Structure formats: structure tokens, C-alpha cells
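Reading through the C-alpha cells given below for one structure.
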Amino acid sequence: MDLNNTKTAFCHLSDKELRRNRFVFGLIRRPILTKMLTKIAKNVVEYNLPLKFLIRKTVYNVFCAGESGDVVLQKMAEMHLSGVNSVLDYVAEGENSEECFSQNLDKILINIELCDQAAPGQFIGVKPSSLTDCEKLKSYGEENLSLEEICEKVEIIGLVDKMTKICERAKAKGVYVYFDAEEFLTQGYFDSIVKSLMKQFNKKDVVVFNTLQLYMKDRIEYLQELIEEFESENIKLGVKLVRGAYLEQERELAKIQNRPSPVYNEKFETDEAYDHAVHLCLKNNQFVYTCLATHNKCSIELGVRLIQDLNIHNHYSCVFFSQLYGMSDNLTYNLAEFHYNSSKYIPYGELTKAIPYLIRRADENTAMNDQSGREYELLNEEYKRRKKRD
């Protein structure tokens with residue numbers, strides 16, 4: 001298996017789409033241009049500037065699957081023909097009102113229906129912070145309330161009800177639920193709720209997954225505790241492994257609050273923790289269901305090697321690989337070609353609501369120069385291959 005096979009990686013892109021993606025990543029790998037694009041995108045939202053067409057034709061179409069459920073359903077069906085599954089997520093970031101929380105719940109339930117229509121064995125992504133007021137959760141922590149006292153709060157009760165409803169609908173439709181990780185100050189609440197939901201819904205078949213950010217210093221110990229607890233209770237454990245999404249934010253906040261940073265100081269420490277977590281999960285594949293949600297080629301190769309070394313013959317149903325829509329197609333599509341369970345995280349939604357997500361994607365790619373550079377080089381290699389073919 002060659003994870004850099006560009007013919008397989010970009011088989012789903014037309015020549016026009018390939019040129020577009022190559023152009024976008026050519027911009028993103030230049031920090032100055034990315035800052036300009038980010039500023040333009042923010043002004044489009046704030047001042048309703050008439051530049052939406054430009055954003056839609058470039059970064060939006062690279063990193064988002066569409067604005068409506070019908071369009072996204074067609075994309076999912078196209079990917080499924082290549083053996084690639086979907087992790088569907090309606091993009092709505094930064095909104096904070098009960099009306100928005102209720103609307104987000106409705107969208108998540110719609111996503112489950114879309115997954116059910118697309119194909120068996122699809123996934124939804126759920127950001128718990130899109131369902132509740134996280135600032136209130138943080139304030140409870142500052143009050144030093146016990147977990148029992150916090151669980152009596154209206155916000156927590158409402159959040160549990162929403163998350164339970166999602167799991168009930170997903171189980172009925174045969175859809176997996178990936179609950180995203182959140183900031184350090186609220187993660188403990190979400191960990192407790194998701195663990196309870198796993199014990200409720202994962203008794204026979206796995207439905208619910210919690211996401212562990214391995215740049216957090218406490219995650220390996222927490223994972224070991226989960227493995228021991230779920231094995232003793234004969235319940236299936238669903239774990240999605242990521243490196244992390246709030247690195248600088250966590251460091252700055254810890255500094256402001258004069259407390260130790262919860263994240264590792266060096267990248268190699270995060271990489272070691274990630275690989276340790278992969279070993280722990282796959283060694284316990286009889287009851288641990290694992291998603292390697294990463295763009296790191298070495299971690300993917302480690303997962304594949306462990307599947308072979310541990311003789312995990314049913315790996316398609318218990319070891320999953322996932323990458324973001326518009327990125328690392330070389331990993332996703334080459335894994336699918338060799339019959340590994342690979343998927344794309346597919347964000348969709350109205351352009352204006354998606355702009356905060358797009359800005360975050362652009363910032364992350366700029367911060368990871370190697371990643372955006374690799375994307376461009378692979379796209380450029382396929383572009384040259386097709387020109388030579390023609």
C-alpha cells in the first residue's frame with residue numbers, strides 16, 4: 001500500500017477541481033496571503049461584503065461539502081462508491097443561545113437521517129459545546145462545586161437530555177456518534193456525560209465514541225482507566241484519537257490563570273502519547289473500538305502495522321481511520337483502496353456560518369507549514385501526471 005499514490009488519492013476530483021485545490025493550497029502555504037484571506041472572510045461576515053462568491057469558489061468548496069443536505073448526500077454517495085465513509089457535521093461555531101442550541105440539535109438529528117439514507121455504517125460528529133452554554137460550565141468549575149451539585153444544574157440536565165436523544169436516534173438508525181473533544185476547563189463534564197452514554201448504549205454494539213486529545217498530559221492515564229473499567233463491566237469502549245485543537249489557547253489561558261499548562265510542551269511528547277494510545281486501544285480490540293483521526297502518515301502506518309501484527313481480522317468493524325474533507329486524500333482514499341475503514345469528516349452548512357470553521361482550517365494549515373506544503377506537492381504531482389497522460 002502506497003499512501004502517496006496520487007492517482008488513487010485524487011480519483012474523485014475532476015481536472016477542474018484538482019486545479020482549484022492546487023490553487024487554494026498554493027495560497028494557504030503562504031502565511032501573508034492566508035492572513036489577507038482570513039481578514040477578507042471576517043469582513044464578509046461583519047460587514048456583509050459582496051465577496052461570498054469568491055470564498056465559495058475557493059476555500060469553501062475545498063473544505064466544505066455544500067450548503068444543503070441534498071448536496072451533501074450526493075457527495076456522501078460519491079465517496080461511498082470509492083469505499084470512503086462519512087463523518088457528517090453541520091457547521092455552526094460561535095453561536096451561544098438556547099435558540100441556537102435547539103437548532104443545532106435539530107440539525108444533528110437531520111444528519112443522522114442523512115447518514116441513514118447515504119449508506120450503512122456512517123458516522124456523525126457532534127460538538128457538545130454547540131448544545132450548551134460552556135461559559136456557565138466554566139463558572140461552575142470556578143465555584144468548586146462537586147460533580148453531584150453540578151449535575152443538578154439545569155444546563156447539565158438539558159445537555160444530557162440532548163446528547164441522550166442523539167444517541168437514541170443514532171442507535172435506531174445504525175449510525176456511529178463521535179462526540180468531539182472540548183477545552184480543558186469543560187472537558188471533565190463532557191467526559192462524565194459521554195462515559196455514562198457509552199455505558200448505556202454500547203452494551204451490545206458500539207454506538208458512542210469519546211474523543212481524546214493526546215496533547216493533554218492526563219489523557220493516557222484517563223484512557224488506561226477507561227479500558228480497565230469497561231473491560232471489567234463487559235461494555236464496549238469507543239475512542240476517537242486526535243492530537244488536539246486548542247494548543248495555543250490552552251497555554252495562554254493557563255498562563256493568565258497562573259496554573260500549570262494541561263498540554264505537553266513539545267510536539268514529540270504529543271506524538272509519543274498518540275502512538276501509546278494507539279497501542280493501548282488496538283491491543284484491546286476485542287472491546288475497544290478505535291478511530292485514528294489524524295493526518296499524520298506515521299500514525300496511520302502504525303495503525304496498519306498493528307492491525308497486521310495483532311491479526312485483527314475484523315479490523316473493518318473495530319478500527320477506523322478519518323481525515324478532514326479536502327485534506328490528506330492520499331491517506332483516506334489509499335486506505336479505502338486496500339479495504340480499511342476510512343472516512344472523511346464532512347462539514348456542511350450555509351457559507352456565512354461556515355466562515356469561522358474555514359478560518360480555523362486556514363490558520364491550522366498555516367501553522368502546519370509541512371502539512372499545507374505536502375498537500376500542495378501531492379496535488380501538483382497529480383496535476384503533472386494528468387498533463388503527461390493527456
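Please note that chains go A, B, ... in the order of the C-alpha cells, that every chain numbers its residues from 1, and that ligands are numbered from 1 in the order shown.
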
Looking only at strand (DSSP E) from DSSP on the backbone, list the matching residues of segment 173-284 of chain A as a list in words.
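Taking segment 173-284 of chain A and keeping strand (DSSP E) only, one gets Tyr176, Val177, Tyr178, Phe179, Val208, Phe209, Asn210, Thr211, Leu212, Gln213, Leu237, Gly238, Val239, Lys240, Leu241 and Val242 of chain A.
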
Please list as a PyMOL selection string every residue within 12 Å of Glu155 of chain A, counting only C-alpha atoms and excluding residues in the same chain fewer than 2 positions away.
chain A and resi 97-98+101+129+131-140+150-153+157-162+189

So what do you get for atom CA of Glu148 of chain A versus atom CA of Gly125 of chain A, distance-wise?
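Result for atom CA of Glu148 of chain A versus atom CA of Gly125 of chain A: 27.8 Å, one decimal.
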
Long-range neighbours of Met198 of chain A as a PyMOL selection string, 9 Å cut-off, only C-alpha atoms, 3 positions minimum in chain:
chain A and resi 193-195+201-203+206-210+235-238

Nearest to Glu17 of chain A, chosen from A:Gly326, A:Gly373, A:Gly174, A:Pro262, with only C-alpha atoms counted in the distances:
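Using only C-alpha atoms, Glu17 of chain A sits closest to A:Gly326.
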
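Ranking A:Thr8, A:Ser372, A:Thr290, A:Gln122 by their shortest atom-to-atom distance to Arg22 of chain A, with only C-alpha atoms included, puts A:Ser372 first.
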
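One distance worth recording is that between atom CA of Val263 of chain A and atom CA of Ala245 of chain A, which is 11.0 Å.
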
Which polymer residues have any atom within 12 Å of an atom of Asp106 of chain A, counting only C-alpha atoms, with same-chain residues fewer than 5 positions away left out, as number ranges by chain?
A: 90, 99-101, 111-113, 126, 130-131, 162-163, 165-166, 169

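You can rank A:Phe184, A:Asp218, A:Lys267, A:Gln213 by their closest distance to Glu250 of chain A using only C-alpha atoms, and at the top of that list sits A:Phe184.
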
I'd like to know which residues of segment 263-376 of chain A are helix (DSSP H, G or I) (by DSSP, run on the backbone); could you write them as a PyMOL selection string?
chain A and resi 267-283+297-309+315-317+329-337+351-367+369-376

So that I can check the surroundings of His279 of chain A, please list as a PyMOL selection string every protein, DNA and RNA residue that reaches within 8 Å of it, counting only C-alpha atoms and ignoring chain neighbours fewer than 4 positions away.
chain A and resi 275+283+306

For the residues selected in the previous step, produce a file with C-alpha atoms as a PDB file, in the first residue's frame.
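File written: again-v9.pdb
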ATOM      1  CA  ASP A 275       1.252   6.307  19.459  1.00  0.00           C
ATOM      2  CA  LYS A 283      -4.146  -4.348  21.845  1.00  0.00           C
ATOM      3  CA  LEU A 306      -0.594  -3.156  14.448  1.00  0.00           C
TER       4      LEU A 306
END

For atom CA of Lys16 of chain A and atom CA of Leu378 of chain A, determine how far apart the two atoms are, in Å to one decimal place.
15.8 Å

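Nearest residue to Cys318 of chain A, choosing from A:Asn234, A:Ser343, A:Gln187, A:Gln286 and counting only C-alpha atoms: A:Gln286.
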